[in-house]
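Have a look at data-v8.txt; it's compact mmCIF, C-alpha atoms:
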```txt
# COMPACT_ATOMS: atom_id res chain seq x y z
CA MET C 1 4.07 5.22 -20.59
CA SER C 2 7.73 5.60 -21.53
CA PRO C 3 9.91 2.55 -22.29
CA SER C 4 12.16 3.32 -19.32
CA ILE C 5 9.22 3.13 -16.90
CA ILE C 6 8.10 -0.20 -18.39
CA THR C 7 11.66 -1.54 -18.14
CA LEU C 8 11.95 -0.47 -14.51
CA ILE C 9 8.59 -2.05 -13.65
CA LYS C 10 9.77 -5.31 -15.25
CA LYS C 11 12.93 -5.04 -13.17
CA GLU C 12 10.84 -4.76 -10.01
CA PHE C 13 8.82 -7.84 -10.93
CA LEU C 14 11.95 -9.86 -11.74
CA SER C 15 13.64 -8.76 -8.52
CA GLU C 16 10.57 -9.75 -6.49
CA TRP C 17 10.35 -13.08 -8.27
CA ARG C 18 13.99 -13.87 -7.50
CA GLN C 19 13.32 -13.12 -3.83
CA ARG C 20 10.06 -15.01 -3.53
CA TYR C 21 10.71 -15.68 0.13
CA ALA C 22 9.97 -12.00 0.84
CA LEU C 23 6.64 -12.16 -1.00
CA ASN C 24 5.77 -15.44 0.68
CA GLY C 25 6.63 -13.88 4.02
CA ILE C 26 4.23 -11.00 3.40
CA LEU C 27 1.45 -13.41 2.43
CA LEU C 28 2.15 -15.49 5.53
CA TYR C 29 2.07 -12.34 7.67
CA LEU C 30 -1.25 -11.33 6.13
CA ALA C 31 -2.86 -14.74 6.59
CA SER C 32 -1.53 -15.26 10.12
CA THR C 33 -2.66 -11.80 11.25
CA ILE C 34 -6.16 -12.43 9.94
CA PHE C 35 -6.22 -15.81 11.69
CA VAL C 36 -5.11 -14.22 14.99
CA VAL C 37 -7.90 -11.65 14.65
CA TYR C 38 -10.35 -14.47 14.00
CA MET C 39 -9.18 -16.41 17.05
CA SER C 40 -9.27 -13.31 19.26
CA PHE C 41 -12.66 -11.91 18.26
CA LYS C 42 -14.74 -14.48 16.46
CA LEU C 43 -14.28 -17.42 18.79
CA LYS C 44 -14.24 -15.59 22.12
CA ALA C 45 -16.66 -12.73 21.66
CA GLY C 46 -18.87 -13.86 18.81
CA ALA C 47 -19.52 -11.90 15.64
CA ILE C 48 -18.06 -8.38 15.63
CA ASP C 49 -19.97 -5.32 14.50
CA GLU C 50 -19.42 -3.55 11.19
CA PRO C 51 -17.23 -0.62 12.39
CA THR C 52 -14.88 -3.04 14.16
CA TRP C 53 -14.81 -5.36 11.13
CA ASN C 54 -13.90 -2.46 8.87
CA ALA C 55 -11.30 -0.93 11.20
CA LEU C 56 -9.53 -4.24 11.80
CA PHE C 57 -9.37 -4.95 8.09
CA TRP C 58 -7.67 -1.65 7.30
CA ILE C 59 -5.28 -1.93 10.23
CA ILE C 60 -4.18 -5.29 8.84
CA ILE C 61 -3.76 -3.80 5.36
CA LEU C 62 -1.82 -0.85 6.79
CA PHE C 63 0.75 -3.04 8.53
CA THR C 64 0.97 -5.31 5.49
CA ALA C 65 1.65 -2.27 3.32
CA THR C 66 4.33 -1.08 5.73
CA ASN C 67 6.10 -4.44 5.56
CA ALA C 68 5.74 -4.73 1.79
CA VAL C 69 6.63 -1.21 0.69
CA ALA C 70 9.19 -0.25 3.35
CA LYS C 71 11.88 -2.18 1.51
CA SER C 72 11.31 -0.37 -1.79
CA PHE C 73 14.31 1.95 -1.30
CA ILE C 74 15.84 0.71 1.94
CA GLN C 75 16.86 -2.60 0.36
CA GLU C 76 18.66 -0.86 -2.52
CA SER C 77 22.40 -0.47 -2.06
CA GLN C 78 24.11 2.84 -2.77
CA GLY C 79 26.01 1.31 -5.67
CA ARG C 80 22.84 0.02 -7.28
CA LEU C 81 21.10 3.38 -6.86
CA LEU C 82 24.08 5.08 -8.51
CA TYR C 83 23.78 2.61 -11.39
CA TYR C 84 20.08 3.39 -11.77
CA TYR C 85 20.95 7.10 -11.64
CA SER C 86 23.12 6.67 -14.72
CA LEU C 87 20.43 4.79 -16.64
CA ALA C 88 17.06 6.41 -15.91
CA LYS C 89 15.57 9.74 -14.97
CA ALA C 90 14.36 10.31 -11.45
CA GLU C 91 10.77 10.80 -12.60
CA ALA C 92 10.74 7.43 -14.39
CA PHE C 93 12.27 5.72 -11.38
CA ILE C 94 9.76 6.99 -8.81
CA ILE C 95 6.79 6.42 -11.13
CA SER C 96 7.88 2.83 -11.78
CA LYS C 97 8.28 2.20 -8.05
CA THR C 98 4.86 3.73 -7.34
CA ILE C 99 3.12 1.71 -10.05
CA TYR C 100 4.73 -1.57 -9.02
CA TYR C 101 4.01 -1.23 -5.30
CA SER C 102 0.49 0.03 -6.01
CA LEU C 103 -0.18 -3.13 -8.03
CA LEU C 104 1.39 -5.22 -5.28
CA MET C 105 -0.71 -3.61 -2.57
CA VAL C 106 -3.96 -3.86 -4.54
CA SER C 107 -3.27 -7.58 -5.01
CA MET C 108 -2.41 -8.02 -1.33
CA ALA C 109 -5.53 -6.13 -0.24
CA LEU C 110 -7.78 -8.24 -2.45
CA VAL C 111 -6.20 -11.46 -1.18
CA GLY C 112 -6.56 -10.11 2.34
CA LEU C 113 -10.24 -9.35 1.75
CA LEU C 114 -10.75 -12.92 0.53
CA PHE C 115 -9.09 -14.44 3.60
CA TYR C 116 -10.76 -11.94 5.92
CA SER C 117 -14.22 -12.69 4.51
CA LEU C 118 -13.63 -16.45 4.81
CA PHE C 119 -12.61 -16.21 8.46
CA MET C 120 -14.70 -13.29 9.70
CA GLY C 121 -17.63 -13.37 7.29
CA SER C 122 -18.52 -10.65 4.80
CA LEU C 123 -20.46 -7.64 6.08
CA VAL C 124 -20.18 -5.63 2.86
CA ASN C 125 -23.46 -4.57 1.25
CA ASP C 126 -22.04 -2.65 -1.73
CA LEU C 127 -19.17 -4.87 -2.88
CA PRO C 128 -18.26 -2.98 -6.11
CA MET C 129 -17.79 0.30 -4.25
CA PHE C 130 -15.93 -1.43 -1.43
CA LEU C 131 -13.55 -2.95 -3.98
CA LEU C 132 -13.06 0.48 -5.54
CA VAL C 133 -12.19 1.92 -2.13
CA ILE C 134 -9.74 -0.94 -1.61
CA CYS C 135 -8.02 -0.14 -4.90
CA LEU C 136 -7.83 3.59 -4.22
CA GLY C 137 -6.80 3.11 -0.59
CA SER C 138 -4.10 0.58 -1.47
CA MET C 139 -2.73 2.88 -4.14
CA GLY C 140 -2.64 5.77 -1.70
CA LEU C 141 -0.85 3.76 0.98
CA ALA C 142 1.65 2.39 -1.53
CA SER C 143 2.36 5.82 -3.06
CA ALA C 144 2.87 7.49 0.30
CA LEU C 145 5.05 4.72 1.70
CA THR C 146 7.16 4.58 -1.46
CA MET C 147 8.02 8.27 -1.23
CA ILE C 148 8.62 8.06 2.52
CA SER C 149 10.88 5.05 1.99
CA GLY C 150 12.92 7.07 -0.49
CA ILE C 151 13.36 9.88 2.04
CA ALA C 152 14.14 7.54 4.93
CA SER C 153 16.75 5.62 2.92
CA LYS C 154 19.00 8.70 3.01
CA ALA C 155 19.25 8.59 6.81
CA PRO C 156 21.25 6.16 8.99
CA ASN C 157 18.28 4.84 11.01
CA SER C 158 15.99 4.46 8.01
CA SER C 159 13.45 2.12 9.64
CA SER C 160 12.89 4.39 12.63
CA LEU C 161 12.73 7.49 10.45
CA MET C 162 10.19 5.87 8.15
CA ALA C 163 7.89 5.11 11.09
CA ILE C 164 8.14 8.72 12.26
CA LEU C 165 7.57 10.25 8.82
CA SER C 166 4.73 7.94 7.83
CA PHE C 167 2.56 8.64 10.89
CA PRO C 168 1.34 12.19 9.98
CA VAL C 169 0.93 11.21 6.32
CA LEU C 170 -0.91 7.92 6.70
CA ILE C 171 -3.31 8.78 9.54
CA PRO C 172 -5.42 11.31 7.53
CA LEU C 173 -5.37 8.96 4.53
CA LEU C 174 -6.41 6.01 6.68
CA LEU C 175 -9.25 7.97 8.29
CA ILE C 176 -10.83 8.90 4.95
CA ILE C 177 -10.36 5.30 3.71
CA ILE C 178 -12.12 3.87 6.77
CA LYS C 179 -14.93 6.41 6.52
CA THR C 180 -15.53 5.74 2.81
CA SER C 181 -15.30 1.96 3.10
CA LYS C 182 -17.75 2.03 6.03
CA SER C 183 -20.26 3.87 3.83
CA ALA C 184 -19.84 1.20 1.16
CA MET C 185 -20.26 -1.53 3.78
CA ASP C 186 -23.54 -0.02 4.95
CA GLY C 187 -24.84 0.06 1.38
CA LEU C 188 -25.60 3.77 1.50
CA ASP C 189 -26.65 5.64 -1.60
CA ARG C 190 -23.46 6.32 -3.54
CA GLY C 191 -24.27 10.00 -3.85
CA VAL C 192 -24.01 10.33 -0.05
CA TYR C 193 -20.28 9.58 0.05
CA ILE C 194 -19.18 10.54 -3.46
CA ASP C 195 -17.43 13.58 -1.97
CA ASP C 196 -15.36 11.29 0.25
CA MET C 197 -14.42 9.23 -2.81
CA LEU C 198 -13.31 12.38 -4.61
CA ILE C 199 -11.26 13.42 -1.58
CA LEU C 200 -9.57 10.01 -1.62
CA VAL C 201 -8.80 10.38 -5.34
CA ALA C 202 -7.47 13.90 -4.74
CA ILE C 203 -5.20 12.72 -1.91
CA ASN C 204 -3.77 10.00 -4.16
CA ALA C 205 -3.20 12.53 -6.94
CA ILE C 206 -1.47 14.95 -4.55
CA ILE C 207 0.83 12.25 -3.18
CA ILE C 208 1.83 11.11 -6.67
CA ALA C 209 2.31 14.68 -7.88
CA VAL C 210 4.46 15.60 -4.88
CA SER C 211 6.55 12.47 -5.38
CA TYR C 212 7.00 13.25 -9.05
CA LEU C 213 8.03 16.87 -8.41
CA LEU C 214 10.23 16.45 -5.34
CA PHE C 215 11.91 13.10 -5.91
CA PRO C 216 14.42 14.46 -8.49
CA TYR C 217 15.94 16.68 -5.76
CA LEU C 218 16.22 13.66 -3.46
CA TRP C 219 17.58 11.56 -6.33
CA ARG C 220 20.45 13.96 -7.02
CA SER C 221 21.57 13.87 -3.40
```

I'd like the structure from this file rewritten - as structure tokens, please.
Amino acid sequence: MSPSIITLIKKEFLSEWRQRYALNGILLYLASTIFVVYMSFKLKAGAIDEPTWNALFWIIILFTATNAVAKSFIQESQGRLLYYYSLAKAEAFIISKTIYYSLLMVSMALVGLLFYSLFMGSLVNDLPMFLLVICLGSMGLASALTMISGIASKAPNSSSLMAILSFPVLIPLLLIIIKTSKSAMDGLDRGVYIDDMLILVAINAIIIAVSYLLFPYLWRS
């Protein structure tokens, strides 16, 4: 990893630490959403089945990722982006953003799983594989949303554009994540869904590769 990427990642951490209210807001959103789900399903209708448990968890993680990663480029002013342009290459900048928000989303997903299991109970039979799916899925969501945020930041209505652009990208990714995590929840033989795991890895690799190749053209604009 080049020194410029490490420096940019440190910059992201320092910037997030200075604006801790944003991080606290995301954690509050995550915890409150899980509590609302608990109040809506657990208390009124009893224990939910495994497909519903899995789908609700990933819907919560999806909206948390949208709130956490959407600001990656939108919050940056034009002057600051121009300053970064004079200091670092486009490839280093997008890789640093992707790594930072991937780490952030993996952490948020693991914290979310902890809260979700405490409130809703744990229905996972193969926890190591489920955690692996969480890591891969969180990285995929963060990588896709980071690139989409970079594209949307160039338009006037960036928030609306990001919602429109993210829909066709995130739905296929979310479907394969839900399918793979459900297999891990059921405790199926790992050889049964290894192809789905490889597809998830391939999607992550494609998203990162496309970001790496195309972002320099966006960066120069």

Considering only C-alpha atoms, give me a table of residues in range 86-131 of chain C that are at most 9 Å from range 58-73 of chain C, with the closest atom pair and distance in Å for each, as JSON lines.
```
{"residue": "C:Lys97", "atom": "CA", "partner": "C:Ser72", "partner_atom": "CA", "distance": 7.4}
{"residue": "C:Tyr101", "atom": "CA", "partner": "C:Val69", "partner_atom": "CA", "distance": 6.5}
{"residue": "C:Leu104", "atom": "CA", "partner": "C:Ala68", "partner_atom": "CA", "distance": 8.3}
{"residue": "C:Met105", "atom": "CA", "partner": "C:Ala65", "partner_atom": "CA", "distance": 6.5}
{"residue": "C:Met108", "atom": "CA", "partner": "C:Ile61", "partner_atom": "CA", "distance": 8.0}
{"residue": "C:Ala109", "atom": "CA", "partner": "C:Ile61", "partner_atom": "CA", "distance": 6.3}
{"residue": "C:Gly112", "atom": "CA", "partner": "C:Ile61", "partner_atom": "CA", "distance": 7.5}
```

Please, could you write that set of residues out with C-alpha atoms as a PDB file, in the frame of the given file?
```pdb
ATOM      1  CA  LYS C  97       8.280   2.200  -8.050  1.00  0.00           C
ATOM      2  CA  TYR C 101       4.010  -1.230  -5.300  1.00  0.00           C
ATOM      3  CA  LEU C 104       1.390  -5.220  -5.280  1.00  0.00           C
ATOM      4  CA  MET C 105      -0.710  -3.610  -2.570  1.00  0.00           C
ATOM      5  CA  MET C 108      -2.410  -8.020  -1.330  1.00  0.00           C
ATOM      6  CA  ALA C 109      -5.530  -6.130  -0.240  1.00  0.00           C
ATOM      7  CA  GLY C 112      -6.560 -10.110   2.340  1.00  0.00           C
TER       8      GLY C 112
END
```

Computed gap from CA of Leu141 in chain C to CA of Ile164 in chain C is 15.3 Å

Using only C-alpha atoms, which residues sit within 8 Å of Glu12 in chain C once same-chain residues fewer than 4 positions away are excluded, as a tab-separated table (two decimals) with C-alpha atoms, in the coordinates of the input?
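Contents of the output file selection_15.tsv:
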```tsv
chain	number	residue	atom	x	y	z
C	8	LEU	CA	11.95	-0.47	-14.51
C	16	GLU	CA	10.57	-9.75	-6.49
C	97	LYS	CA	8.28	2.20	-8.05
C	100	TYR	CA	4.73	-1.57	-9.02
```

Proximity to Val111 in chain C - best of C:Ile134, C:Met185, C:Leu127, C:Leu214, all atoms listed in the file
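Ranked by minimum distance to Val111 in chain C, first place goes to C:Ile134.
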
Point out the residue among C:Ser153, C:Ser122, C:Asn204, C:Asn24 with the least atom-to-atom distance to Ser102 in chain C, counting all atoms listed in the file.
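When distances to Ser102 in chain C are compared using all atoms listed in the file, the smallest one comes from C:Asn204.
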
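One distance worth recording is that between CA of Leu200 in chain C and CA of Ile95 in chain C, which is 19.3 Å.
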
Just give me the gap between CA of Phe167 in chain C and CA of Leu113 in chain C in Å, one decimal is fine.
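The value is 23.9 Å.
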
Option closest in space to Leu28 in chain C, from C:Ala92, C:Ile6, C:Cys135, C:Phe115 [counting all atoms listed in the file]
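The closest residue to Leu28 in chain C is C:Phe115.
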
Of the candidates C:Lys154, C:Leu14, C:Phe119, C:Leu131, which one gets nearest to Trp219 in chain C if we count all atoms listed in the file?
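Of C:Lys154, C:Leu14, C:Phe119, C:Leu131, the one nearest Trp219 in chain C is C:Lys154, counting all atoms listed in the file.
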
Between C:Ile94, C:Met129, C:Leu213, C:Ile203, single out the one closest to Asp189 in chain C, counting all atoms listed in the file.
C:Met129

Mind checking which residues fall within 12 Å of Lys179 in chain C, counting all atoms listed in the file, ignoring those fewer than 4 positions away in the same chain, and posting them as a ChimeraX atom specification?
/C:50-51,54-55,58,130,133,137,172-175,183-186,192-197,199-200

How about completing range 167-178 of chain C with all heavy atoms and giving it to me as a compact mmCIF listing (two decimals), in the frame of the given file?
```
# COMPACT_ATOMS: atom_id res chain seq x y z
N PHE C 167 3.70 8.44 9.99
CA PHE C 167 2.56 8.64 10.89
C PHE C 167 1.68 9.83 10.49
O PHE C 167 0.47 9.67 10.29
CB PHE C 167 3.05 8.80 12.33
CG PHE C 167 1.94 8.94 13.33
CD1 PHE C 167 1.22 7.84 13.77
CD2 PHE C 167 1.60 10.19 13.84
CE1 PHE C 167 0.19 7.97 14.69
CE2 PHE C 167 0.57 10.34 14.76
CZ PHE C 167 -0.14 9.23 15.18
N PRO C 168 2.22 11.05 10.33
CA PRO C 168 1.34 12.19 9.98
C PRO C 168 0.79 12.11 8.57
O PRO C 168 -0.19 12.78 8.26
CB PRO C 168 2.26 13.41 10.15
CG PRO C 168 3.62 12.87 9.96
CD PRO C 168 3.62 11.49 10.51
N VAL C 169 1.41 11.32 7.70
CA VAL C 169 0.93 11.21 6.32
C VAL C 169 -0.17 10.17 6.21
O VAL C 169 -1.19 10.38 5.54
CB VAL C 169 2.10 10.86 5.37
CG1 VAL C 169 1.59 10.66 3.95
CG2 VAL C 169 3.15 11.96 5.41
N LEU C 170 0.01 9.04 6.87
CA LEU C 170 -0.91 7.92 6.70
C LEU C 170 -2.18 8.03 7.53
O LEU C 170 -3.22 7.50 7.12
CB LEU C 170 -0.19 6.60 7.05
CG LEU C 170 0.98 6.20 6.16
CD1 LEU C 170 1.55 4.87 6.61
CD2 LEU C 170 0.57 6.15 4.70
N ILE C 171 -2.11 8.70 8.68
CA ILE C 171 -3.31 8.78 9.54
C ILE C 171 -4.47 9.49 8.83
O ILE C 171 -5.59 8.96 8.81
CB ILE C 171 -2.97 9.46 10.87
CG1 ILE C 171 -2.03 8.57 11.69
CG2 ILE C 171 -4.23 9.75 11.67
CD1 ILE C 171 -2.61 7.20 12.00
N PRO C 172 -4.29 10.69 8.25
CA PRO C 172 -5.42 11.31 7.53
C PRO C 172 -5.92 10.46 6.36
O PRO C 172 -7.14 10.36 6.13
CB PRO C 172 -4.84 12.64 7.04
CG PRO C 172 -3.67 12.90 7.91
CD PRO C 172 -3.10 11.57 8.24
N LEU C 173 -4.98 9.83 5.65
CA LEU C 173 -5.37 8.96 4.53
C LEU C 173 -6.17 7.77 5.05
O LEU C 173 -7.20 7.40 4.46
CB LEU C 173 -4.12 8.49 3.78
CG LEU C 173 -4.34 7.54 2.61
CD1 LEU C 173 -5.20 8.18 1.54
CD2 LEU C 173 -2.99 7.10 2.02
N LEU C 174 -5.72 7.17 6.14
CA LEU C 174 -6.41 6.01 6.68
C LEU C 174 -7.80 6.37 7.20
O LEU C 174 -8.75 5.59 7.06
CB LEU C 174 -5.57 5.39 7.80
CG LEU C 174 -5.98 4.00 8.29
CD1 LEU C 174 -5.88 3.00 7.16
CD2 LEU C 174 -5.11 3.57 9.46
N LEU C 175 -7.94 7.54 7.78
CA LEU C 175 -9.25 7.97 8.29
C LEU C 175 -10.27 8.11 7.17
O LEU C 175 -11.42 7.66 7.31
CB LEU C 175 -9.10 9.30 9.05
CG LEU C 175 -8.37 9.23 10.40
CD1 LEU C 175 -8.21 10.62 10.98
CD2 LEU C 175 -9.12 8.33 11.37
N ILE C 176 -9.88 8.72 6.05
CA ILE C 176 -10.83 8.90 4.95
C ILE C 176 -11.12 7.55 4.29
O ILE C 176 -12.24 7.29 3.83
CB ILE C 176 -10.30 9.93 3.92
CG1 ILE C 176 -11.38 10.28 2.91
CG2 ILE C 176 -9.07 9.41 3.22
CD1 ILE C 176 -12.56 10.99 3.48
N ILE C 177 -10.13 6.64 4.27
CA ILE C 177 -10.36 5.30 3.71
C ILE C 177 -11.37 4.54 4.56
O ILE C 177 -12.32 3.93 4.04
CB ILE C 177 -9.03 4.52 3.63
CG1 ILE C 177 -8.12 5.12 2.56
CG2 ILE C 177 -9.29 3.06 3.33
CD1 ILE C 177 -6.74 4.52 2.53
N ILE C 178 -11.20 4.58 5.88
CA ILE C 178 -12.12 3.87 6.77
C ILE C 178 -13.53 4.45 6.68
O ILE C 178 -14.52 3.71 6.65
CB ILE C 178 -11.59 3.93 8.22
CG1 ILE C 178 -10.32 3.09 8.35
CG2 ILE C 178 -12.64 3.44 9.20
CD1 ILE C 178 -9.67 3.17 9.72
```
